[in-house]
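Pasting query-v3.txt here (compact mmCIF, N, CA and C atoms):
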```
# COMPACT_ATOMS: atom_id res chain seq x y z
N MET Q 1 -22.77 -2.61 -11.20
CA MET Q 1 -21.60 -2.94 -10.40
C MET Q 1 -21.28 -4.41 -10.60
N ILE Q 2 -20.03 -4.71 -10.43
CA ILE Q 2 -19.51 -6.06 -10.65
C ILE Q 2 -18.77 -6.51 -9.40
N ALA Q 3 -18.94 -7.78 -9.07
CA ALA Q 3 -18.14 -8.38 -7.99
C ALA Q 3 -17.61 -9.71 -8.47
N LEU Q 4 -16.34 -9.92 -8.27
CA LEU Q 4 -15.72 -11.23 -8.50
C LEU Q 4 -15.49 -11.80 -7.10
N LEU Q 5 -16.32 -12.79 -6.74
CA LEU Q 5 -16.28 -13.37 -5.40
C LEU Q 5 -15.38 -14.59 -5.39
N GLN Q 6 -14.53 -14.66 -4.39
CA GLN Q 6 -13.65 -15.81 -4.22
C GLN Q 6 -13.75 -16.31 -2.78
N ARG Q 7 -14.08 -17.59 -2.63
CA ARG Q 7 -14.13 -18.20 -1.30
C ARG Q 7 -12.69 -18.44 -0.86
N VAL Q 8 -12.33 -17.91 0.31
CA VAL Q 8 -10.93 -17.96 0.74
C VAL Q 8 -10.80 -18.51 2.16
N SER Q 9 -9.64 -19.11 2.42
CA SER Q 9 -9.31 -19.45 3.81
C SER Q 9 -8.54 -18.30 4.44
N GLU Q 10 -7.98 -17.43 3.61
CA GLU Q 10 -7.33 -16.20 4.06
C GLU Q 10 -7.11 -15.28 2.88
N ALA Q 11 -7.11 -13.98 3.15
CA ALA Q 11 -6.82 -12.99 2.10
C ALA Q 11 -6.36 -11.71 2.77
N ARG Q 12 -5.50 -11.01 2.06
CA ARG Q 12 -5.01 -9.72 2.59
C ARG Q 12 -4.67 -8.80 1.42
N VAL Q 13 -4.68 -7.52 1.72
CA VAL Q 13 -4.29 -6.52 0.73
C VAL Q 13 -3.29 -5.58 1.40
N LYS Q 14 -2.21 -5.33 0.65
CA LYS Q 14 -1.16 -4.45 1.14
C LYS Q 14 -1.02 -3.25 0.20
N VAL Q 15 -0.67 -2.13 0.78
CA VAL Q 15 -0.27 -0.95 0.04
C VAL Q 15 1.15 -0.67 0.50
N GLY Q 16 2.08 -0.79 -0.42
CA GLY Q 16 3.49 -0.72 -0.03
C GLY Q 16 3.79 -1.94 0.83
N HIS Q 17 4.37 -1.72 1.98
CA HIS Q 17 4.67 -2.83 2.89
C HIS Q 17 3.66 -2.95 4.02
N GLN Q 18 2.59 -2.15 3.96
CA GLN Q 18 1.62 -2.12 5.05
C GLN Q 18 0.35 -2.88 4.67
N THR Q 19 -0.07 -3.82 5.52
CA THR Q 19 -1.33 -4.51 5.34
C THR Q 19 -2.45 -3.55 5.72
N VAL Q 20 -3.36 -3.30 4.77
CA VAL Q 20 -4.47 -2.37 5.01
C VAL Q 20 -5.79 -3.08 5.25
N GLY Q 21 -5.85 -4.36 4.90
CA GLY Q 21 -7.06 -5.15 5.13
C GLY Q 21 -6.74 -6.62 5.04
N GLU Q 22 -7.36 -7.41 5.94
CA GLU Q 22 -7.16 -8.85 5.86
C GLU Q 22 -8.30 -9.57 6.55
N ILE Q 23 -8.55 -10.78 6.10
CA ILE Q 23 -9.54 -11.66 6.70
C ILE Q 23 -8.97 -13.07 6.74
N SER Q 24 -9.55 -13.89 7.59
CA SER Q 24 -9.26 -15.32 7.50
C SER Q 24 -10.39 -15.90 6.66
N PHE Q 25 -10.99 -16.97 7.04
CA PHE Q 25 -12.07 -17.63 6.31
C PHE Q 25 -13.15 -16.65 5.88
N GLY Q 26 -13.54 -16.67 4.60
CA GLY Q 26 -14.60 -15.80 4.14
C GLY Q 26 -14.59 -15.58 2.64
N VAL Q 27 -14.87 -14.34 2.23
CA VAL Q 27 -14.99 -13.98 0.82
C VAL Q 27 -14.13 -12.77 0.52
N LEU Q 28 -13.31 -12.90 -0.52
CA LEU Q 28 -12.62 -11.76 -1.12
C LEU Q 28 -13.48 -11.33 -2.29
N ALA Q 29 -13.91 -10.08 -2.31
CA ALA Q 29 -14.73 -9.56 -3.39
C ALA Q 29 -13.99 -8.43 -4.09
N LEU Q 30 -13.59 -8.68 -5.34
CA LEU Q 30 -13.02 -7.63 -6.18
C LEU Q 30 -14.19 -6.87 -6.79
N ILE Q 31 -14.19 -5.54 -6.69
CA ILE Q 31 -15.35 -4.73 -7.05
C ILE Q 31 -15.03 -3.80 -8.21
N GLY Q 32 -15.87 -3.87 -9.26
CA GLY Q 32 -15.77 -2.97 -10.39
C GLY Q 32 -17.00 -2.08 -10.46
N VAL Q 33 -16.79 -0.81 -10.75
CA VAL Q 33 -17.90 0.14 -10.85
C VAL Q 33 -17.97 0.64 -12.28
N GLU Q 34 -19.18 0.58 -12.85
CA GLU Q 34 -19.39 1.03 -14.22
C GLU Q 34 -20.16 2.34 -14.25
N LYS Q 35 -20.07 3.05 -15.36
CA LYS Q 35 -20.81 4.30 -15.53
C LYS Q 35 -22.28 4.05 -15.24
N GLY Q 36 -22.89 4.97 -14.52
CA GLY Q 36 -24.32 4.87 -14.23
C GLY Q 36 -24.66 4.02 -13.02
N ASP Q 37 -23.67 3.39 -12.40
CA ASP Q 37 -23.97 2.60 -11.19
C ASP Q 37 -24.46 3.53 -10.09
N SER Q 38 -25.36 3.01 -9.26
CA SER Q 38 -26.04 3.83 -8.26
C SER Q 38 -25.93 3.21 -6.87
N PRO Q 39 -26.31 3.97 -5.84
CA PRO Q 39 -26.33 3.39 -4.49
C PRO Q 39 -27.25 2.16 -4.40
N GLN Q 40 -28.33 2.17 -5.14
CA GLN Q 40 -29.24 1.02 -5.13
C GLN Q 40 -28.54 -0.24 -5.66
N GLN Q 41 -27.70 -0.08 -6.65
CA GLN Q 41 -26.95 -1.22 -7.16
C GLN Q 41 -25.92 -1.70 -6.15
N ALA Q 42 -25.31 -0.77 -5.42
CA ALA Q 42 -24.37 -1.16 -4.36
C ALA Q 42 -25.10 -1.97 -3.30
N GLU Q 43 -26.30 -1.55 -2.92
CA GLU Q 43 -27.09 -2.28 -1.92
C GLU Q 43 -27.43 -3.68 -2.42
N ARG Q 44 -27.85 -3.77 -3.67
CA ARG Q 44 -28.20 -5.08 -4.23
C ARG Q 44 -26.97 -5.98 -4.33
N LEU Q 45 -25.84 -5.41 -4.74
CA LEU Q 45 -24.61 -6.20 -4.86
C LEU Q 45 -24.19 -6.71 -3.48
N LEU Q 46 -24.27 -5.88 -2.47
CA LEU Q 46 -23.91 -6.33 -1.12
C LEU Q 46 -24.84 -7.44 -0.65
N ASN Q 47 -26.14 -7.29 -0.86
CA ASN Q 47 -27.08 -8.34 -0.45
C ASN Q 47 -26.79 -9.66 -1.16
N ARG Q 48 -26.49 -9.59 -2.42
CA ARG Q 48 -26.16 -10.81 -3.15
C ARG Q 48 -24.84 -11.39 -2.67
N THR Q 49 -23.86 -10.54 -2.41
CA THR Q 49 -22.55 -11.00 -1.94
C THR Q 49 -22.68 -11.70 -0.59
N LEU Q 50 -23.42 -11.11 0.33
CA LEU Q 50 -23.56 -11.69 1.66
C LEU Q 50 -24.40 -12.96 1.66
N GLY Q 51 -25.32 -13.08 0.71
CA GLY Q 51 -26.20 -14.24 0.67
C GLY Q 51 -25.83 -15.31 -0.33
N TYR Q 52 -24.89 -15.00 -1.24
CA TYR Q 52 -24.57 -15.95 -2.30
C TYR Q 52 -24.01 -17.24 -1.72
N ARG Q 53 -24.51 -18.35 -2.17
CA ARG Q 53 -24.17 -19.67 -1.60
C ARG Q 53 -22.82 -20.18 -2.12
N LEU Q 54 -21.80 -19.86 -1.36
CA LEU Q 54 -20.43 -20.23 -1.71
C LEU Q 54 -19.86 -21.33 -0.82
N PHE Q 55 -20.50 -21.58 0.31
CA PHE Q 55 -19.93 -22.45 1.33
C PHE Q 55 -20.72 -23.74 1.48
N PRO Q 56 -20.02 -24.82 1.79
CA PRO Q 56 -20.70 -26.12 1.90
C PRO Q 56 -21.50 -26.25 3.20
N ASP Q 57 -22.64 -26.93 3.10
CA ASP Q 57 -23.41 -27.29 4.28
C ASP Q 57 -22.89 -28.61 4.83
N ALA Q 58 -23.59 -29.19 5.77
CA ALA Q 58 -23.14 -30.43 6.41
C ALA Q 58 -23.03 -31.59 5.41
N ARG Q 59 -23.77 -31.51 4.30
CA ARG Q 59 -23.71 -32.57 3.28
C ARG Q 59 -22.71 -32.25 2.17
N GLY Q 60 -21.98 -31.15 2.31
CA GLY Q 60 -20.97 -30.81 1.31
C GLY Q 60 -21.50 -30.04 0.12
N ARG Q 61 -22.75 -29.63 0.14
CA ARG Q 61 -23.33 -28.86 -0.97
C ARG Q 61 -23.18 -27.37 -0.70
N MET Q 62 -22.96 -26.59 -1.75
CA MET Q 62 -22.82 -25.14 -1.59
C MET Q 62 -24.20 -24.54 -1.33
N ASN Q 63 -24.61 -24.54 -0.08
CA ASN Q 63 -25.91 -24.03 0.32
C ASN Q 63 -25.84 -22.91 1.34
N LEU Q 64 -24.65 -22.49 1.73
CA LEU Q 64 -24.51 -21.47 2.77
C LEU Q 64 -23.84 -20.22 2.21
N GLY Q 65 -24.36 -19.08 2.63
CA GLY Q 65 -23.77 -17.80 2.26
C GLY Q 65 -22.89 -17.26 3.37
N LEU Q 66 -22.29 -16.13 3.13
CA LEU Q 66 -21.41 -15.52 4.11
C LEU Q 66 -22.15 -15.18 5.40
N ARG Q 67 -23.41 -14.72 5.28
CA ARG Q 67 -24.22 -14.44 6.48
C ARG Q 67 -24.37 -15.69 7.34
N ASP Q 68 -24.50 -16.85 6.71
CA ASP Q 68 -24.70 -18.11 7.43
C ASP Q 68 -23.45 -18.57 8.15
N THR Q 69 -22.30 -18.27 7.59
CA THR Q 69 -21.04 -18.79 8.13
C THR Q 69 -20.35 -17.84 9.10
N GLY Q 70 -20.65 -16.54 9.00
CA GLY Q 70 -19.98 -15.56 9.84
C GLY Q 70 -18.56 -15.26 9.41
N GLY Q 71 -18.19 -15.68 8.21
CA GLY Q 71 -16.85 -15.42 7.70
C GLY Q 71 -16.62 -13.95 7.40
N GLY Q 72 -15.37 -13.61 7.13
CA GLY Q 72 -14.99 -12.24 6.83
C GLY Q 72 -15.27 -11.86 5.39
N LEU Q 73 -15.35 -10.56 5.15
CA LEU Q 73 -15.54 -10.01 3.81
C LEU Q 73 -14.44 -8.98 3.57
N LEU Q 74 -13.65 -9.20 2.53
CA LEU Q 74 -12.61 -8.26 2.12
C LEU Q 74 -13.01 -7.68 0.78
N LEU Q 75 -13.29 -6.38 0.75
CA LEU Q 75 -13.71 -5.67 -0.46
C LEU Q 75 -12.51 -4.93 -1.05
N VAL Q 76 -12.23 -5.17 -2.33
CA VAL Q 76 -11.08 -4.56 -2.98
C VAL Q 76 -11.54 -3.92 -4.30
N PRO Q 77 -11.34 -2.60 -4.46
CA PRO Q 77 -11.72 -1.96 -5.71
C PRO Q 77 -10.81 -2.42 -6.86
N GLN Q 78 -11.44 -2.75 -7.99
CA GLN Q 78 -10.66 -3.18 -9.15
C GLN Q 78 -11.36 -2.72 -10.43
N PHE Q 79 -10.95 -1.57 -10.94
CA PHE Q 79 -11.62 -0.99 -12.11
C PHE Q 79 -11.48 -1.85 -13.35
N THR Q 80 -10.48 -2.72 -13.42
CA THR Q 80 -10.29 -3.53 -14.64
C THR Q 80 -11.43 -4.53 -14.85
N LEU Q 81 -12.25 -4.77 -13.83
CA LEU Q 81 -13.41 -5.65 -14.04
C LEU Q 81 -14.41 -5.05 -15.02
N ALA Q 82 -14.38 -3.73 -15.20
CA ALA Q 82 -15.29 -3.05 -16.12
C ALA Q 82 -14.72 -2.98 -17.54
N ALA Q 83 -13.63 -3.66 -17.81
CA ALA Q 83 -12.98 -3.60 -19.12
C ALA Q 83 -13.81 -4.27 -20.21
N ASP Q 84 -13.72 -3.72 -21.39
CA ASP Q 84 -14.28 -4.35 -22.59
C ASP Q 84 -13.15 -5.14 -23.23
N THR Q 85 -13.30 -6.46 -23.24
CA THR Q 85 -12.26 -7.34 -23.79
C THR Q 85 -12.76 -8.07 -25.03
N GLY Q 86 -13.82 -7.53 -25.66
CA GLY Q 86 -14.47 -8.22 -26.76
C GLY Q 86 -13.69 -8.28 -28.06
N LYS Q 87 -12.75 -7.39 -28.25
CA LYS Q 87 -11.98 -7.44 -29.50
C LYS Q 87 -10.58 -6.91 -29.27
N GLY Q 88 -9.71 -7.30 -30.14
CA GLY Q 88 -8.33 -6.84 -30.07
C GLY Q 88 -7.56 -7.41 -28.90
N LEU Q 89 -6.40 -6.83 -28.66
CA LEU Q 89 -5.50 -7.30 -27.62
C LEU Q 89 -5.30 -6.27 -26.51
N ARG Q 90 -6.07 -5.19 -26.56
CA ARG Q 90 -5.96 -4.16 -25.54
C ARG Q 90 -7.35 -3.90 -24.97
N PRO Q 91 -7.52 -3.97 -23.65
CA PRO Q 91 -8.84 -3.73 -23.07
C PRO Q 91 -9.25 -2.27 -23.21
N GLY Q 92 -10.55 -2.06 -23.34
CA GLY Q 92 -11.10 -0.71 -23.36
C GLY Q 92 -11.82 -0.44 -22.04
N PHE Q 93 -11.78 0.80 -21.59
CA PHE Q 93 -12.37 1.13 -20.29
C PHE Q 93 -13.48 2.17 -20.39
N ALA Q 94 -14.10 2.26 -21.55
CA ALA Q 94 -15.17 3.24 -21.75
C ALA Q 94 -16.35 2.99 -20.80
N ALA Q 95 -16.59 1.76 -20.40
CA ALA Q 95 -17.73 1.44 -19.52
C ALA Q 95 -17.42 1.69 -18.05
N ALA Q 96 -16.15 1.85 -17.71
CA ALA Q 96 -15.77 2.06 -16.30
C ALA Q 96 -16.22 3.45 -15.84
N ALA Q 97 -16.65 3.53 -14.60
CA ALA Q 97 -17.06 4.81 -14.02
C ALA Q 97 -15.85 5.72 -13.88
N GLU Q 98 -16.11 7.01 -13.94
CA GLU Q 98 -15.06 7.99 -13.66
C GLU Q 98 -14.60 7.79 -12.22
N PRO Q 99 -13.33 8.08 -11.92
CA PRO Q 99 -12.81 7.81 -10.58
C PRO Q 99 -13.64 8.37 -9.43
N ALA Q 100 -14.15 9.58 -9.54
CA ALA Q 100 -14.93 10.17 -8.44
C ALA Q 100 -16.21 9.37 -8.18
N GLN Q 101 -16.91 9.00 -9.25
CA GLN Q 101 -18.14 8.21 -9.09
C GLN Q 101 -17.81 6.82 -8.57
N ALA Q 102 -16.76 6.21 -9.08
CA ALA Q 102 -16.38 4.86 -8.65
C ALA Q 102 -16.00 4.87 -7.17
N ARG Q 103 -15.24 5.86 -6.74
CA ARG Q 103 -14.85 5.97 -5.33
C ARG Q 103 -16.10 6.10 -4.45
N GLU Q 104 -17.02 6.94 -4.87
CA GLU Q 104 -18.25 7.16 -4.10
C GLU Q 104 -19.04 5.85 -3.96
N CYS Q 105 -19.19 5.13 -5.06
CA CYS Q 105 -19.92 3.85 -5.01
C CYS Q 105 -19.19 2.81 -4.16
N PHE Q 106 -17.87 2.72 -4.32
CA PHE Q 106 -17.11 1.75 -3.54
C PHE Q 106 -17.16 2.10 -2.05
N ASP Q 107 -16.95 3.36 -1.71
CA ASP Q 107 -17.00 3.77 -0.30
C ASP Q 107 -18.37 3.50 0.31
N TYR Q 108 -19.43 3.73 -0.46
CA TYR Q 108 -20.78 3.45 0.02
C TYR Q 108 -20.96 1.95 0.26
N LEU Q 109 -20.46 1.14 -0.65
CA LEU Q 109 -20.53 -0.31 -0.49
C LEU Q 109 -19.82 -0.75 0.79
N VAL Q 110 -18.64 -0.22 1.04
CA VAL Q 110 -17.90 -0.57 2.26
C VAL Q 110 -18.67 -0.13 3.50
N GLU Q 111 -19.21 1.07 3.46
CA GLU Q 111 -19.98 1.59 4.60
C GLU Q 111 -21.18 0.68 4.89
N LEU Q 112 -21.91 0.29 3.85
CA LEU Q 112 -23.05 -0.62 4.02
C LEU Q 112 -22.60 -1.96 4.58
N ALA Q 113 -21.50 -2.47 4.07
CA ALA Q 113 -21.00 -3.77 4.51
C ALA Q 113 -20.65 -3.73 6.00
N VAL Q 114 -19.99 -2.68 6.44
CA VAL Q 114 -19.60 -2.56 7.85
C VAL Q 114 -20.84 -2.51 8.74
N MET Q 115 -21.91 -1.87 8.27
CA MET Q 115 -23.14 -1.78 9.06
C MET Q 115 -23.93 -3.10 9.05
N SER Q 116 -23.70 -3.95 8.03
CA SER Q 116 -24.49 -5.16 7.85
C SER Q 116 -23.81 -6.45 8.27
N HIS Q 117 -22.49 -6.45 8.36
CA HIS Q 117 -21.76 -7.70 8.55
C HIS Q 117 -20.43 -7.41 9.24
N GLN Q 118 -19.95 -8.38 9.96
CA GLN Q 118 -18.61 -8.29 10.57
C GLN Q 118 -17.97 -9.67 10.52
N PRO Q 119 -16.70 -9.78 10.30
CA PRO Q 119 -15.75 -8.69 10.04
C PRO Q 119 -15.75 -8.28 8.57
N VAL Q 120 -15.44 -7.00 8.35
CA VAL Q 120 -15.30 -6.43 7.02
C VAL Q 120 -13.98 -5.67 6.97
N ALA Q 121 -13.25 -5.85 5.87
CA ALA Q 121 -12.01 -5.11 5.63
C ALA Q 121 -12.05 -4.66 4.17
N SER Q 122 -11.17 -3.71 3.83
CA SER Q 122 -11.17 -3.24 2.44
C SER Q 122 -9.79 -2.80 2.01
N GLY Q 123 -9.65 -2.76 0.69
CA GLY Q 123 -8.47 -2.18 0.08
C GLY Q 123 -8.62 -0.67 0.03
N VAL Q 124 -7.69 -0.02 -0.65
CA VAL Q 124 -7.67 1.44 -0.73
C VAL Q 124 -7.93 1.85 -2.17
N PHE Q 125 -9.00 2.60 -2.38
CA PHE Q 125 -9.36 3.04 -3.72
C PHE Q 125 -8.23 3.84 -4.35
N GLY Q 126 -7.86 3.51 -5.57
CA GLY Q 126 -6.86 4.24 -6.33
C GLY Q 126 -5.42 3.90 -6.00
N ALA Q 127 -5.21 3.06 -5.00
CA ALA Q 127 -3.84 2.70 -4.61
C ALA Q 127 -3.33 1.54 -5.45
N ASP Q 128 -2.03 1.42 -5.53
CA ASP Q 128 -1.39 0.25 -6.12
C ASP Q 128 -1.32 -0.79 -5.01
N MET Q 129 -2.16 -1.81 -5.13
CA MET Q 129 -2.32 -2.79 -4.05
C MET Q 129 -1.74 -4.14 -4.45
N ALA Q 130 -1.29 -4.87 -3.46
CA ALA Q 130 -0.88 -6.26 -3.62
C ALA Q 130 -1.89 -7.10 -2.87
N VAL Q 131 -2.61 -7.94 -3.60
CA VAL Q 131 -3.66 -8.77 -3.01
C VAL Q 131 -3.17 -10.21 -3.00
N SER Q 132 -3.26 -10.84 -1.83
CA SER Q 132 -2.90 -12.26 -1.75
C SER Q 132 -4.07 -13.01 -1.14
N LEU Q 133 -4.21 -14.26 -1.56
CA LEU Q 133 -5.34 -15.06 -1.10
C LEU Q 133 -5.03 -16.54 -1.23
N VAL Q 134 -5.76 -17.31 -0.46
CA VAL Q 134 -5.79 -18.75 -0.64
C VAL Q 134 -7.23 -19.07 -0.98
N ASN Q 135 -7.47 -19.37 -2.25
CA ASN Q 135 -8.81 -19.66 -2.75
C ASN Q 135 -9.16 -21.09 -2.37
N GLN Q 136 -10.27 -21.27 -1.66
CA GLN Q 136 -10.71 -22.60 -1.24
C GLN Q 136 -11.62 -23.19 -2.29
N GLY Q 137 -11.24 -24.30 -2.83
CA GLY Q 137 -12.06 -25.02 -3.82
C GLY Q 137 -11.28 -25.41 -5.05
N PRO Q 138 -10.93 -24.53 -5.90
CA PRO Q 138 -11.19 -23.10 -5.88
C PRO Q 138 -12.67 -22.80 -6.19
N VAL Q 139 -13.18 -21.75 -5.58
CA VAL Q 139 -14.55 -21.29 -5.82
C VAL Q 139 -14.49 -19.81 -6.16
N THR Q 140 -14.95 -19.46 -7.36
CA THR Q 140 -14.97 -18.07 -7.84
C THR Q 140 -16.23 -17.86 -8.64
N PHE Q 141 -16.96 -16.76 -8.34
CA PHE Q 141 -18.18 -16.41 -9.08
C PHE Q 141 -18.13 -14.95 -9.48
N TYR Q 142 -18.70 -14.66 -10.65
CA TYR Q 142 -18.79 -13.31 -11.21
C TYR Q 142 -20.23 -12.84 -11.06
N LEU Q 143 -20.44 -11.76 -10.33
CA LEU Q 143 -21.78 -11.19 -10.17
C LEU Q 143 -21.83 -9.82 -10.81
N ARG Q 144 -22.93 -9.52 -11.48
CA ARG Q 144 -23.15 -8.20 -12.06
C ARG Q 144 -24.58 -7.80 -11.75
N VAL Q 145 -24.72 -6.59 -11.19
CA VAL Q 145 -26.07 -6.09 -10.91
C VAL Q 145 -26.29 -4.78 -11.61
```
How does the structure come out when it is put into structure tokens?
Amino acid sequence: MIALLQRVSEARVKVGHQTVGEISFGVLALIGVEKGDSPQQAERLLNRTLGYRLFPDARGRMNLGLRDTGGGLLLVPQFTLAADTGKGLRPGFAAAAEPAQARECFDYLVELAVMSHQPVASGVFGADMAVSLVNQGPVTFYLRV
């Protein structure tokens, strides 16, 4: 599984004209699911996401994770993170999980997140979403488990 973490002062996701998920201060995590990803990988990805040191401490060093700050977590499914961009001008998606498996992994990740942390919001799997954010820093990290 892949997560693109972005430290945000605010983020929201809309489907059509309806906001389906939003947070203020926290982390927007775009989530990609690859073939063979398992519930154990979702658990590991969530633990890394909640603990990853994205936020400054009192001395201004990035030493605090989302668990430390109590910020929000917005999870958004994004299959294009699993793209192969190694050659040519068109991405390949052979490594991306089939939609049913990807949905299952993403839904499990959201379920775990809701049980482990608050506030948590999410996008809608398979929907055409509009994601907006204010990236603080900017700070963006790519995690793969």
**OP:** List the neighbours of Q:Leu133 out to 6 Å using all atoms listed in the file; skip same-chain residues closer than 2 positions along the sequence, and give me the result as a PyMOL selection string.
**Re:** chain Q and resi 10-12+131+135
Just-selected residues, N, CA and C atoms written as a PDB file, in the frame of the given file:
```
ATOM      1  N   GLU Q  10      -7.980 -17.430   3.610  1.00  0.00           N
ATOM      2  CA  GLU Q  10      -7.330 -16.200   4.060  1.00  0.00           C
ATOM      3  C   GLU Q  10      -7.110 -15.280   2.880  1.00  0.00           C
ATOM      4  N   ALA Q  11      -7.110 -13.980   3.150  1.00  0.00           N
ATOM      5  CA  ALA Q  11      -6.820 -12.990   2.100  1.00  0.00           C
ATOM      6  C   ALA Q  11      -6.360 -11.710   2.770  1.00  0.00           C
ATOM      7  N   ARG Q  12      -5.500 -11.010   2.060  1.00  0.00           N
ATOM      8  CA  ARG Q  12      -5.010  -9.720   2.590  1.00  0.00           C
ATOM      9  C   ARG Q  12      -4.670  -8.800   1.420  1.00  0.00           C
ATOM     10  N   VAL Q 131      -2.610  -7.940  -3.600  1.00  0.00           N
ATOM     11  CA  VAL Q 131      -3.660  -8.770  -3.010  1.00  0.00           C
ATOM     12  C   VAL Q 131      -3.170 -10.210  -3.000  1.00  0.00           C
ATOM     13  N   ASN Q 135      -7.470 -19.370  -2.250  1.00  0.00           N
ATOM     14  CA  ASN Q 135      -8.810 -19.660  -2.750  1.00  0.00           C
ATOM     15  C   ASN Q 135      -9.160 -21.090  -2.370  1.00  0.00           C
TER      16      ASN Q 135
END
```
**OP:** Would you work out the distance separating atom N of Q:Leu46 from atom N of Q:Arg61, expressed in Å to one decimal?
**Re:** 23.9 Å
Using 5 Å as the limit and counting only N, CA and C atoms, can you tabulate each residue of stretch 59-83 of chain Q that touches stretch 47-52 of chain Q, with its shortest atom-to-atom distance in Å and the two atoms involved, as a Markdown table?
```
| residue | atom | partner | partner_atom | distance |
| --- | --- | --- | --- | --- |
| Q:Leu64 | C | Q:Tyr52 | C | 4.9 |
| Q:Gly65 | CA | Q:Tyr52 | C | 4.0 |
| Q:Leu66 | N | Q:Leu50 | C | 4.1 |
| Q:Arg67 | N | Q:Leu50 | C | 4.1 |
```
Subject >> Residues near Q:Leu143, cut-off 5 Å, only N, CA and C atoms, skip fewer than 6 positions along chain, as a list in words >> reply: Ile2, Ala3 and Leu4 of chain Q
Subject >> In chain Q, DSSP strand (DSSP E) residues written as a PyMOL selection string >> reply: chain Q and resi 2-15+18-23+26-32+55-56+62-64+72-77+120-122+129-144
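Interatomic distance, atom CA of Q:Val27 against atom CA of Q:Ala83: 22.6 Å.
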Original post:
Between Q:Met62, Q:Val8, Q:Val120, Q:Ala100, which one has atoms that come closest to Q:Val134, using all atoms listed in the file?
Top reply: Q:Val8
Original post:
To one decimal place, how far is atom CA of Q:Ile31 from atom N of Q:Gly86 in Å?
Top reply: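 These atoms are spaced 18.9 Å apart.
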Subject >> Nearest residue to Q:Gly137 from the set Q:Arg7, Q:Leu109, Q:Ala95, Q:Gly71 (distances using all atoms listed in the file) >> reply: Q:Arg7
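Those residues of stretch 20-93 of chain Q that DSSP, working from the backbone, places in alpha helix (DSSP H) are Pro39, Gln40, Gln41, Ala42, Glu43, Arg44, Leu45, Leu46, Asn47, Arg48, Thr49, Leu50, Gly51, Leu66, Arg67, Asp68 and Thr69 of chain Q.
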Give me stretch 44-57 of chain Q from this structure - N, CA and C atoms, as a PDB file, in the first residue's frame.
```
ATOM      1  N   ARG Q  44      -0.198  -1.593   9.089  1.00  0.00           N
ATOM      2  CA  ARG Q  44       1.138  -0.987   9.161  1.00  0.00           C
ATOM      3  C   ARG Q  44       1.136   0.422   8.575  1.00  0.00           C
ATOM      4  N   LEU Q  45       0.437   0.602   7.453  1.00  0.00           N
ATOM      5  CA  LEU Q  45       0.375   1.923   6.825  1.00  0.00           C
ATOM      6  C   LEU Q  45      -0.314   2.919   7.755  1.00  0.00           C
ATOM      7  N   LEU Q  46      -1.390   2.507   8.400  1.00  0.00           N
ATOM      8  CA  LEU Q  46      -2.068   3.406   9.329  1.00  0.00           C
ATOM      9  C   LEU Q  46      -1.164   3.768  10.500  1.00  0.00           C
ATOM     10  N   ASN Q  47      -0.479   2.785  11.073  1.00  0.00           N
ATOM     11  CA  ASN Q  47       0.429   3.083  12.187  1.00  0.00           C
ATOM     12  C   ASN Q  47       1.525   4.053  11.780  1.00  0.00           C
ATOM     13  N   ARG Q  48       2.067   3.864  10.608  1.00  0.00           N
ATOM     14  CA  ARG Q  48       3.094   4.793  10.131  1.00  0.00           C
ATOM     15  C   ARG Q  48       2.510   6.165   9.867  1.00  0.00           C
ATOM     16  N   THR Q  49       1.316   6.223   9.287  1.00  0.00           N
ATOM     17  CA  THR Q  49       0.665   7.493   8.993  1.00  0.00           C
ATOM     18  C   THR Q  49       0.385   8.274  10.270  1.00  0.00           C
ATOM     19  N   LEU Q  50      -0.144   7.609  11.278  1.00  0.00           N
ATOM     20  CA  LEU Q  50      -0.474   8.292  12.532  1.00  0.00           C
ATOM     21  C   LEU Q  50       0.764   8.700  13.321  1.00  0.00           C
ATOM     22  N   GLY Q  51       1.853   7.974  13.156  1.00  0.00           N
ATOM     23  CA  GLY Q  51       3.062   8.263  13.918  1.00  0.00           C
ATOM     24  C   GLY Q  51       4.135   9.032  13.180  1.00  0.00           C
ATOM     25  N   TYR Q  52       3.989   9.162  11.851  1.00  0.00           N
ATOM     26  CA  TYR Q  52       5.040   9.791  11.059  1.00  0.00           C
ATOM     27  C   TYR Q  52       5.237  11.244  11.485  1.00  0.00           C
ATOM     28  N   ARG Q  53       6.459  11.639  11.683  1.00  0.00           N
ATOM     29  CA  ARG Q  53       6.789  12.962  12.234  1.00  0.00           C
ATOM     30  C   ARG Q  53       6.722  14.051  11.159  1.00  0.00           C
ATOM     31  N   LEU Q  54       5.554  14.653  11.071  1.00  0.00           N
ATOM     32  CA  LEU Q  54       5.290  15.694  10.077  1.00  0.00           C
ATOM     33  C   LEU Q  54       5.187  17.087  10.684  1.00  0.00           C
ATOM     34  N   PHE Q  55       5.016  17.155  11.994  1.00  0.00           N
ATOM     35  CA  PHE Q  55       4.676  18.416  12.645  1.00  0.00           C
ATOM     36  C   PHE Q  55       5.808  18.908  13.530  1.00  0.00           C
ATOM     37  N   PRO Q  56       5.958  20.223  13.616  1.00  0.00           N
ATOM     38  CA  PRO Q  56       7.058  20.783  14.405  1.00  0.00           C
ATOM     39  C   PRO Q  56       6.791  20.708  15.912  1.00  0.00           C
ATOM     40  N   ASP Q  57       7.870  20.478  16.660  1.00  0.00           N
ATOM     41  CA  ASP Q  57       7.801  20.553  18.116  1.00  0.00           C
ATOM     42  C   ASP Q  57       8.050  22.000  18.546  1.00  0.00           C
TER      43      ASP Q  57
END
```
